[in-house]
Structures are given as C-alpha cells and as structure tokens.
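Below is one structure; the comments refer to it alone.
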Amino acid sequence: MTPAPVSVRRIAGHHQPTRCGFSLTELLVASSIALIVMAAIANLFGVFSRAMSQSQSTVDLSARMRSAAWQLRKDLSGITCEVVPWLSPEADSGYFEVIEGPRRDSIAQNGSANLEADTDDTLLFTTRSLDGSFVGRHGNDAIESPYAEIAWFCREAADQPVTGTKLYNLHRRQFLVTAYVGTAAFIGNMINGPLPNIDYDLSLRQEGNRLVPNSLGDLTKRENRFNRQPNFPFAFRVDGQGRPPSNATFDNTPRVWEDVILTNVIAFDVRVFDPEARAQTTATSTLLPGDPGYGGGNAGYGAFVDLGGGQGGKLGAAISQKSRLTLPTYDTWSTHYESNGLDEDGQQGPDQGADGIDNPQTYETSPPYPVRLDGVEVRIRCYDPTAKQVRQITVRHGF
C-alpha cells in the first residue's frame, strides 16, 4: 500500500511535519480555562448586581425617610396652640399631646438579632396648613380645610420579611377640622347614626346618636379627640401592646395603605426637652438620658428625655395623679374640667376648684405635666431588608 502523504514545510533547510488541529488534552484544558473565566465574570456581575440593588434600596429608603421627616416637620411647624397647660376651649386653639408607651429605645441591645426598639409612642396635635389646605374625603366627595387633627403612630406590619425582628408601619391619620360641611349628609352640621365610616376624613364628636364636626375649641377637650375612651380622663385607646387598635387605621378597608407614610420601621421614639435633665461625662464620652450606660447626670443641663422615664427633671418624673392617666402623657389639657358641672375625681362634689381663685392645688383635675413644653425630638429608625442596614433620621422642633 502507498503511505498517506505527510504535509511538510521547509525550516532552515529541514523538513518538519505540520499538525492541522489541537489534541483532545489541549481542548479540555482550553475549555476548563474558558469556564473558569466565565464563572469569574458571572460572579463579578453578581457582585455588581447585588451592590447596585443594595445601593438602590438604601437610596430609596433614605428618600422615603426624608419625605416622612419633611411631612412631620411641616405638621409641627403649623401647631395651632401654645404648648403649655391649661388651655381654654373658648380660645379655639386646639391641643398638643404626646403619649409615651411602655417600651424604651434601650431595649434594642447591641448584637441582638431583635432590632425592634421604641415603637409604641403616639404624637397627636392640631395644625394649620402653611401652603394651601388639607384635603380629605367624605364618601366620594373631596373636602378641604386649613386645619386638621393629626395623629402619628406605629402598627405592626402584616408581612414580616425579617426573622427575629418585628417591622412596623408608621401611620399618619389626618382629620380635617371644620365647623361646617356643606354636603347632604351634614344637614344642620349633624350626621345620624353610630361612629363614622372609615371614609370620613373629618374630626368628629358624638352627641347622643349624632356626630358633629369639631372646631379647634372642641378639640381642646380630650373627649372630642380621635380614638378616645368614653369616660374621664378620655385616654387614647390602645391594645395590649400599648399601640392604637387596628380600627384606628385604614387596614382591612378599600383605603388600605393611604395612611401609611413609612414601612420597615423599628423605632418611632418621641422625646421631650427637659431643661432639668443632665448629661453624664465619663472618661471617654458624654452620655445623655436614654443612652446605653447612662447612670445619672453630673454635667450640663438640658436634654431630650422619655416622658416618665425617670432620667430627667419634671418631665422625666411620674405624671400627676389628678390626671388619672396611666401612661406617661404630655397634654395641654382643658380648663373646662373645672367648670363643667361634673365630678371628675369623685371627691367633694363637682368643680370644687371653681371658687374664683386661681389655685391649681384645689382643682379636681390636673394636666399630667403642668409645665411648659419647650420642644420635642422624634427619632425614626428603619431596617432595610435588602441592604441589611439600619437607617435613622431625627426631627427636632422647638416651641
């Protein structure tokens, strides 16, 4: 047989066989290298994708927190009353109230999987719109008013994406304050029937079997405010965890989420400025009331404290027993409790302090803290499940 021809080439006067392809081993090595490079590139793209997703999530959360803080600052800037007890309903100035729940920020320990902190504080007040009017709904109609009763509080979120940490929704309820509403259901300024449907964005009080729109003067009286118990001292209704009940929100209604201003909240901590609270200096830092490790003041005066937290002066102390409230509460109160013909304290008959002498010691009621309030601080803290980071924004407002 004739042997197959071999391709040759001349190199430096010699003949050398020429290969026309790669061996199997070379192909396997090349393929392995290509797969390793492709895996590295895919992993790099995954890292970039996760980083971009986390960055976008952080940016979105920061934007939403700034928006909520802006709304809170706007509400606080329009407060209609002097934040000092006692207020007269005849002054038609509304009210201001802070309710401190049993939880404290200090319960969120370092290194703990549970990041939930102070989520049961409530902030309520009347305010005026500084740009235009507040807008609300009455059925299918839109109504407007320059004044509104505002309530800020947290409720536990229905969906909990994080194991070991409860997340909350921050609600902002808005009730328009107007003494007259020109719609058919308010003929004579009255609504027949039981408590209003959730579609009413109006501040209402019940007189017998009728509902009447509130004025600012009506809201100076605690019994006419949002979500109140029926008897003196007309405490704010709370559930077993110290938070408003579910029927105080739009949950389980066609308007669900309309009152939610922020999600993934782990703290809504409302503090008041106490001029008698003191800082504590240590060898390495300065601590304020509420900080971990704070053991009592030995330095300068003036700090934001939890109402009734025991770490301040008058505002850190227990509330007045004459208020008959159980939760630490700051309230501008109403003078009409001393002249309404009712015996609020059940002692010595009604209105024993109505003797024409301005002596609070003889009054049958008292504001929980009968002192002027100089300012509030609100700390809003959120957890980002995507970036696994905690963000905080602080709003301070002086009166």
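A note on labels: chains of the structure tokens are A, B, ... as shown, every chain counts residues from 1, and ligands are counted from 1 in their shown order.
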
Nearby residues (only C-alpha atoms) at most 8 Å from stretch 135-151 of chain A, same-chain spacing under 2 positions excluded, as a PyMOL selection string: chain A and resi 75+122-129+132-133+153+171-178+199-203

With C-alpha atoms retained, export the selected residues as a CSV table (one decimal), in the first residue's frame.
chain,number,residue,atom,x,y,z
A,75,ASP,CA,-47.1,69.3,60.6
A,122,THR,CA,-48.0,58.4,69.9
A,123,LEU,CA,-47.9,62.1,68.7
A,124,LEU,CA,-51.2,64.0,68.4
A,125,PHE,CA,-52.0,67.6,67.8
A,126,THR,CA,-53.9,70.2,65.7
A,127,THR,CA,-52.1,72.0,63.0
A,128,ARG,CA,-52.7,74.5,60.2
A,129,SER,CA,-51.6,74.1,56.6
A,132,GLY,CA,-52.9,75.7,50.8
A,133,SER,CA,-55.4,73.5,52.5
A,153,PHE,CA,-48.2,56.2,65.5
A,171,HIS,CA,-49.2,55.8,60.2
A,172,ARG,CA,-50.3,59.4,59.8
A,173,ARG,CA,-54.0,59.9,60.3
A,174,GLN,CA,-55.4,63.2,59.1
A,175,PHE,CA,-58.8,64.5,60.2
A,176,LEU,CA,-60.0,67.8,58.8
A,177,VAL,CA,-61.2,70.4,61.3
A,178,THR,CA,-64.2,72.4,60.0
A,199,ASP,CA,-64.2,57.1,54.6
A,200,TYR,CA,-64.8,60.2,56.7
A,201,ASP,CA,-61.6,62.2,56.9
A,202,LEU,CA,-63.2,64.6,59.4
A,203,SER,CA,-62.7,65.3,63.1

Surrounding residues of A:Asn169 excluding itself and chain neighbours under 2 positions, 8 Å, only C-alpha atoms, as number ranges by chain: A: 154-157, 167, 171, 260-265

Using the selection just defined, write its residues with C-alpha atoms as a CSV table (one decimal), in the first residue's frame.
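Dumped everything to out25.csv:
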chain,number,residue,atom,x,y,z
A,154,CYS,CA,-47.0,52.7,64.6
A,155,ARG,CA,-48.8,49.5,63.9
A,156,GLU,CA,-47.2,46.1,63.4
A,157,ALA,CA,-46.8,45.2,59.7
A,167,LEU,CA,-41.2,45.6,61.5
A,171,HIS,CA,-49.2,55.8,60.2
A,260,VAL,CA,-49.1,54.6,55.9
A,261,ILE,CA,-46.3,57.1,55.5
A,262,LEU,CA,-43.3,54.7,56.1
A,263,THR,CA,-42.7,51.0,56.2
A,264,ASN,CA,-40.0,48.7,57.8
A,265,VAL,CA,-39.9,50.9,60.9

Computed interatomic separation between atom CA of A:Arg379 and atom CA of A:Gly309 (Å):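 Spanning atom CA of A:Arg379 to atom CA of A:Gly309 is a straight-line distance of 16.3 Å.
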
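Using only C-alpha atoms, the contacts of stretch 333-340 of chain A at a cut-off of 9 Å, with sequence neighbours closer than 3 positions omitted, comprise A:Val84, A:Pro85, A:Trp86, A:Leu87, A:Ser88, A:Pro89, A:Tyr95, A:Phe96, A:Glu97, A:Thr220, A:Lys221, A:Arg222, A:Tyr330, A:Asp343, A:Glu344, A:Pro350, A:Asp351, A:Gln352, A:Gly353, A:Ala354, A:Tyr363, A:Glu364, A:Thr365, A:Ser366, A:Pro367, A:Pro368, A:Pro370.
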
DSSP-assigned alpha helix (DSSP H) members of stretch 199-335 of chain A, reported as a ChimeraX atom specification: /A:216-220
